[in-house]
Structure formats: C-alpha cells, structure tokens
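**Student:** My structure is below; once you've seen it, I'll send some questions.
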Amino acid sequence: MEHLADLVDLYEYRVEDLVAGRTPKGGRKALLALRAFLIQSRLPGALAKRFRQADARFRALRQGQNPPPPPEALPLDLPIAIPEAQEEPGQDASPLRALALKVWRLLTVREVKARAKEFLAGRREELRLIHAFLQNYLDYREKETFKRDFNLSRFHPTHPIPSLSDSLVDLEDPKVAEALVLEFLETALRIPQDLPLPPEETRTYIRRFLNRILEWEEAFGLPPKRDLLSLKKALEEAKHLGASAQEIARLEERLRKEAQEERRRALLLEEERRRFHVALEKVLALLQLLPTPQGETPWPKVPEPGQGEESLLTLPLKPGRITLGPLTLTLSQVEGNWHLGMAGEDRILEDTLVIPWEDLEVLAVREGGLLHLRLEARSGLRLYELLSEGRVLTLLLDPAQDYAHLRLLRALSARLKGEFTPQAFGPELSEKYRQAPPEALQDFARKVLELATRRLGAADPAPLLQEVGQALGREREALALASALREYLGRRPPTRETLGGEVHLLSLGAEPLALKVGATVLYVRPRNAPAEDPLGDALYVGQAGEMPRRLKDLLVYRLPEGTVVLAREGRRLAYLVLDKP
C-alpha cells in the first residue's frame, strides 16, 4: 500500500512537471511506463481517485499539444479500469450534514478537555508539537507550492518548536491547551478542502508534515552546529607552517572542546527527536476524533425533519411546544431572535446551545430553517462508560464456541503476566461457566476485563490476542475481541454514536418501567433495599413469569432478539439493545 502511494506521488509530480513546461525526470518514456503500471495495478479507492485526477490533467495536456493519434499508436493509453469513487460524506453540504458537523463539534469539546488535561503533564511535548504544526501549516498554506506538494518534498519548516518556558505560548494554561487541540482538529478537518486530497489521506499527510518538522535540526532550539572542519584545517595549516608548540596545543585543545560540545549537541538532538516522535504518535491519535472517513468517530445521528426518537429530534424551526424525552421545551421568536425555553427560563438560540438539566444536558443546534435537539449524558456521567463496558461484556458472556471470547481474554491476561499455557484455557472451562449463576458469571467477566485491561495498559491488544487465538484455534474470535477491546479502551469518554446511537435514558421512580425489546417486554421494578445498600432502592429486571435479576450498576440481559445492556447511576437508567454477536 505504501509502495503504491509513493508511485502515485511520483506520477503526480511528473505530471506537474509537464504542466509547468519542464521535462519530467526520466523523460516522457518513464512517465508513460509508470502510467501503464498504475493503470494495471489494483489501486484502493483513495489512491485511485488521486491517480484519476492526475491522469485527467495529463490527458488534457496531451490532447492540447498533439492531434488525436490513431489507437494503435498509443498502446499505453488503455481504459482505466478503476471504479469511480463515491462522493465523500464530508463534502455533502446538505443541512442535515451541517447539523451533524455542529453536533460533532459540541461532543468533541468533551473529549478535547480530557486529552488536553493529559497533555499538560511533563514537558508538554504534544502541545508544543501541535503549536509548531499549526504555525508551519498556516504559513506554508500561503505558498505557491502548497497546492500540489502532497509528499511535502518542497516544504521547508520556518517555525521551530516553542520552548517549554516560552511566555508567548503560555502552555501551562488549560484553556490555551484546549484551544490548541481544538484548532489542530479544525485544521485537520479542513485539509481536504485546502488540498485536492482524499479525506482518508489526512492522517498520512499530517504524519509527513510532523516528520518534516522533526527532521529539521533547528526545530528544537539547540545551539548551531559546530564548525569542526574549519578548526581542523586551521590546525593542519598551523602544523604545516611550523607554528609554535604552544599555538598548536591551543588549537588542539579548542578542537577537542568543540568536538565534545558537538557530541553533546548530537546526543541532545537524538534525545529530543526520540521524545517528540513519541509525542507525534499521541498527536496523531487525536485524529481518531475526526468524523469518518478522516477519523474513526461515527457521524452524529441526525434524523430527517419530523422524525426522531424519544431523545433525538429534528424539526422545522417554528414556535411551539416540543417533547424531548421527559422534558417539555418551548420554542419562540421575539424581536427576530429565537428562544428555547425550559423549566420557565428562556435562552437565546443562535447556532448552538447547551442547557444542563440534572445529570443530563440538552443540545440544540440550528441550521437554516431546521432545529436539531438531543438529550445527552453530561460529560461527568458514568452511564456511558458503563454501557461501553457492557458492550464488551456482551461478547465475553456469549456462550457460542464454548465461551471462546471469555477464554481468550483470560488467556490474554495470563500471556501478559507470562504464565500462558494453551491447555489451561481449553473448551472444558465452558462447563464451569454454564453452571455458574448469571450474576456470578457477569461479575467474574468484569473482573477478568479489569485485570486484562490493567495489564495491557496502552498496548495494542491485537498482536497478543492473535497469538493466543492461534494457540487456542480461535483466530476469528480473537480478531473480534481485539476490535472490541480497541474500541473500548480508545473511547474515553464514549458518546452516543460510539455506543451504537440507540442509547435510551430514563428516570427511575416508584413505579415499574416497561422496556419493549422486539416482541419481549422487560420490567424494571424497584424494591426497598437494606439501609447499607449504597444505591438506595434495589432494582430487579425480568420478564413476566421469570425470576428477575438484580441490577446494581450494570446488567447484561440476553434475549432471543439480542442483548440488552442496562446501566444505572443514582436515579438515572440508561440502556441499549445490541444485536446478536
């Protein structure tokens, strides 16, 4: 894949040379040979789109220079058997996509605050590198060579990485850190508009840009390189001319000190580059927050006008009463300004508005004549984190293939500790799991998940899971578990979209709640609990005619239609329905 990307880069540069009136390196023959090779290659969508764009410029240039030759004269000008790329979602200018983008920005602020807080620790390499990227990118964007310099071969950094004590940057301020991270994400979001670059290539382009900065020795604020060659020549000339022993000794001592300082500088440079390369990976990890296909965050769900769910609505902008979950809102227009009212208080509604309500918040977003409303958990609420954990537990508690996923996670934990033997995690374990009560098995799976993730730390679970999966003969299940763990560990805090979009939020009261899942109705019934119960009233979940199960803070309830994950915090209940694994 990287090899093909380099060849497409080379083709773009050779076509650019032709457009500018220059002879491409290797001549036209090399250009045509490269073109023929790329035509016959199976290029993936993003590279295929770039190749088509460059080839269109090449064919337009050739048709303008020469009359159309007979077909037999151009054996290399074959039809390009590359499928047309679909329109990128980020290019859709519809009001619904504009609403989704505004919602994405509101939700991203939560994650940015958490990431920026982490970046404030230590020497703040991540924030300093982001600052250098923004300065250099905004400066280079104004240059003539910017538009076609996809591999940044003509880019020369001009702004160094700021020092830790730079008073003009003020990186100790959390607000400054949040603003830097937000500006970095907004700049990355605009790159496909600044350049004719597929959105999928955003991460690769930014990696190249950051690497070019780190290759620049002046980026780190170190002293200039010592001119040892001049000193060596001066010493040789002094010996040749018969200088005194004292003068030669003075030059030798100076050369020794300068060489020592240069070695020290080289070591400092190597150490700085090492630390900032670690920071580079953390900065690139921020790009996961971008909406797909640039990043890994699903686009916020915005239903069509007049449609929606109990806590997710899109409607025309007109005065009236609106029911959003347990809330009743009022929309009114006074002197040309729209107001959104809740609990007797009106707030001016401009582009976006966030109204806190208990442990939830109402997000209101305007675009033209449309209004999008959604009820979300506040950033400090643990319900979404519990639901995220419940998604992994759903996989672990699946009895298919003799509880393969739970056995794999136990094997991973043992492998991380260095005590893995495949025989200890064979199918015979499944009999113990089948005999255990559901509550005990869920508690056991939660402990295994906690232990494995603690031992795993920030490492990628896929390589080790692939290893234990091969040892247990469960490679397919190992890949599914690795994907689930990566999603679980990489989404802090999770959002409605990363949880699947179908999150239901309810308030607990004295009366039972009925949750309809397909053809099944689940009842959530409160019961008075002992005073030592920290959660207050106990909750029990079950179907009519069956023994109910206790809901403490998290419960995974399997049904023929799928799995219900229920999470509780105080008087708030959240649940989502997952299809069968």
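Residues in the structure tokens are named by chain (A, B, ... in the order shown) and by number from 1 within that chain; ligands are numbered from 1 in the order shown.
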Name all residues at most 7 Å from segment 473-482 of chain A (count only C-alpha atoms; drop same-chain ones fewer than 6 positions away) and give them as a PyMOL selection string.
**Tutor:** chain A and resi 404-405+408+461-462+465-466
**Student:** Return as a PDB file with N, CA and C atoms, in the first residue's frame the full set of residues in segment 356-515 of chain A whose backbone-based DSSP assignment is strand (DSSP E).
**Tutor:**
```pdb
ATOM      1  N   PRO A 356     -27.920  22.568  30.633  1.00  0.00           N
ATOM      2  CA  PRO A 356     -27.793  21.474  31.608  1.00  0.00           C
ATOM      3  C   PRO A 356     -29.122  21.209  32.309  1.00  0.00           C
ATOM      4  N   TRP A 357     -29.388  19.940  32.571  1.00  0.00           N
ATOM      5  CA  TRP A 357     -30.585  19.542  33.321  1.00  0.00           C
ATOM      6  C   TRP A 357     -30.243  18.317  34.145  1.00  0.00           C
ATOM      7  N   LEU A 360     -28.068  15.379  32.981  1.00  0.00           N
ATOM      8  CA  LEU A 360     -28.131  15.338  31.521  1.00  0.00           C
ATOM      9  C   LEU A 360     -27.964  16.753  30.992  1.00  0.00           C
ATOM     10  N   GLU A 361     -27.970  16.865  29.680  1.00  0.00           N
ATOM     11  CA  GLU A 361     -27.943  18.180  29.053  1.00  0.00           C
ATOM     12  C   GLU A 361     -28.643  18.111  27.709  1.00  0.00           C
ATOM     13  N   VAL A 362     -29.286  19.215  27.351  1.00  0.00           N
ATOM     14  CA  VAL A 362     -29.972  19.335  26.077  1.00  0.00           C
ATOM     15  C   VAL A 362     -29.042  20.050  25.105  1.00  0.00           C
ATOM     16  N   LEU A 363     -28.799  19.426  23.954  1.00  0.00           N
ATOM     17  CA  LEU A 363     -28.004  20.035  22.891  1.00  0.00           C
ATOM     18  C   LEU A 363     -28.962  20.517  21.809  1.00  0.00           C
ATOM     19  N   ALA A 364     -28.911  21.807  21.493  1.00  0.00           N
ATOM     20  CA  ALA A 364     -29.758  22.396  20.454  1.00  0.00           C
ATOM     21  C   ALA A 364     -28.863  22.998  19.384  1.00  0.00           C
ATOM     22  N   VAL A 365     -29.128  22.632  18.121  1.00  0.00           N
ATOM     23  CA  VAL A 365     -28.296  23.087  17.001  1.00  0.00           C
ATOM     24  C   VAL A 365     -29.213  23.575  15.887  1.00  0.00           C
ATOM     25  N   ARG A 366     -28.916  24.776  15.366  1.00  0.00           N
ATOM     26  CA  ARG A 366     -29.694  25.371  14.268  1.00  0.00           C
ATOM     27  C   ARG A 366     -28.900  25.337  12.978  1.00  0.00           C
ATOM     28  N   GLU A 367     -29.615  25.131  11.864  1.00  0.00           N
ATOM     29  CA  GLU A 367     -29.014  25.245  10.533  1.00  0.00           C
ATOM     30  C   GLU A 367     -30.129  25.639   9.575  1.00  0.00           C
ATOM     31  N   LEU A 370     -33.900  24.590  10.135  1.00  0.00           N
ATOM     32  CA  LEU A 370     -34.016  23.344  10.880  1.00  0.00           C
ATOM     33  C   LEU A 370     -33.422  23.484  12.273  1.00  0.00           C
ATOM     34  N   LEU A 371     -34.016  22.733  13.204  1.00  0.00           N
ATOM     35  CA  LEU A 371     -33.528  22.670  14.578  1.00  0.00           C
ATOM     36  C   LEU A 371     -33.347  21.207  14.954  1.00  0.00           C
ATOM     37  N   HIS A 372     -32.169  20.899  15.496  1.00  0.00           N
ATOM     38  CA  HIS A 372     -31.879  19.538  15.948  1.00  0.00           C
ATOM     39  C   HIS A 372     -31.709  19.562  17.458  1.00  0.00           C
ATOM     40  N   LEU A 373     -32.426  18.679  18.150  1.00  0.00           N
ATOM     41  CA  LEU A 373     -32.368  18.581  19.604  1.00  0.00           C
ATOM     42  C   LEU A 373     -31.985  17.174  20.001  1.00  0.00           C
ATOM     43  N   ARG A 374     -31.167  17.062  21.032  1.00  0.00           N
ATOM     44  CA  ARG A 374     -30.788  15.743  21.540  1.00  0.00           C
ATOM     45  C   ARG A 374     -30.525  15.836  23.032  1.00  0.00           C
ATOM     46  N   LEU A 375     -30.910  14.791  23.739  1.00  0.00           N
ATOM     47  CA  LEU A 375     -30.689  14.689  25.174  1.00  0.00           C
ATOM     48  C   LEU A 375     -29.482  13.780  25.386  1.00  0.00           C
ATOM     49  N   GLU A 376     -28.444  14.323  26.017  1.00  0.00           N
ATOM     50  CA  GLU A 376     -27.191  13.586  26.185  1.00  0.00           C
ATOM     51  C   GLU A 376     -26.821  13.522  27.658  1.00  0.00           C
ATOM     52  N   ALA A 377     -26.050  12.509  28.006  1.00  0.00           N
ATOM     53  CA  ALA A 377     -25.460  12.434  29.338  1.00  0.00           C
ATOM     54  C   ALA A 377     -24.365  13.488  29.460  1.00  0.00           C
ATOM     55  N   HIS A 504     -30.937   4.831  25.319  1.00  0.00           N
ATOM     56  CA  HIS A 504     -32.193   5.310  25.915  1.00  0.00           C
ATOM     57  C   HIS A 504     -31.920   5.747  27.344  1.00  0.00           C
ATOM     58  N   LEU A 505     -32.397   6.925  27.732  1.00  0.00           N
ATOM     59  CA  LEU A 505     -32.181   7.474  29.063  1.00  0.00           C
ATOM     60  C   LEU A 505     -33.533   7.623  29.750  1.00  0.00           C
ATOM     61  N   LEU A 506     -33.639   7.070  30.963  1.00  0.00           N
ATOM     62  CA  LEU A 506     -34.890   7.093  31.705  1.00  0.00           C
ATOM     63  C   LEU A 506     -34.634   7.525  33.141  1.00  0.00           C
ATOM     64  N   SER A 507     -35.680   8.064  33.778  1.00  0.00           N
ATOM     65  CA  SER A 507     -35.614   8.415  35.194  1.00  0.00           C
ATOM     66  C   SER A 507     -36.316   7.345  36.008  1.00  0.00           C
ATOM     67  N   LEU A 513     -40.921   0.229  35.340  1.00  0.00           N
ATOM     68  CA  LEU A 513     -40.718   0.666  33.961  1.00  0.00           C
ATOM     69  C   LEU A 513     -40.821  -0.548  33.042  1.00  0.00           C
ATOM     70  N   ALA A 514     -41.424  -0.351  31.883  1.00  0.00           N
ATOM     71  CA  ALA A 514     -41.538  -1.431  30.896  1.00  0.00           C
ATOM     72  C   ALA A 514     -40.694  -1.084  29.686  1.00  0.00           C
ATOM     73  N   LEU A 515     -39.759  -1.963  29.341  1.00  0.00           N
ATOM     74  CA  LEU A 515     -38.868  -1.760  28.200  1.00  0.00           C
ATOM     75  C   LEU A 515     -39.214  -2.798  27.143  1.00  0.00           C
TER      76      LEU A 515
END
```
**Student:** Could you name the residues that touch Trp104 of chain A at 8 Å or less, counting only C-alpha atoms, but leaving out those on the same chain fewer than 3 positions away, as a PDB file with C-alpha atoms, in the first residue's frame?
**Tutor:**
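Result file is around.pdb:
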```pdb
ATOM      1  CA  ALA A 100     -24.228  16.728  12.235  1.00  0.00           C
ATOM      2  CA  LEU A 101     -20.961  18.655  11.939  1.00  0.00           C
ATOM      3  CA  LEU A 107     -19.404  16.483  21.514  1.00  0.00           C
ATOM      4  CA  THR A 108     -15.717  16.727  20.610  1.00  0.00           C
ATOM      5  CA  PRO A 291     -15.609  12.113  11.752  1.00  0.00           C
ATOM      6  CA  TRP A 299     -21.080  10.976  12.285  1.00  0.00           C
ATOM      7  CA  PRO A 300     -23.679  12.037  14.881  1.00  0.00           C
TER       8      PRO A 300
END
```
**Student:** Out of A:Ser230, A:Thr145, A:Gln543, A:Ser94, which residue has the shortest atom-to-atom distance to Glu16 of chain A when counting only C-alpha atoms?
**Tutor:**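 Once distances to Glu16 of chain A are computed over only C-alpha atoms, the minimum belongs to A:Thr145.
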**Student:** Pick the closest to Leu416 of chain A from A:Glu569, A:Asp194, A:Glu467, A:Glu252: which is it, counting only C-alpha atoms?
**Tutor:**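 Nearest to Leu416 of chain A: A:Glu467.
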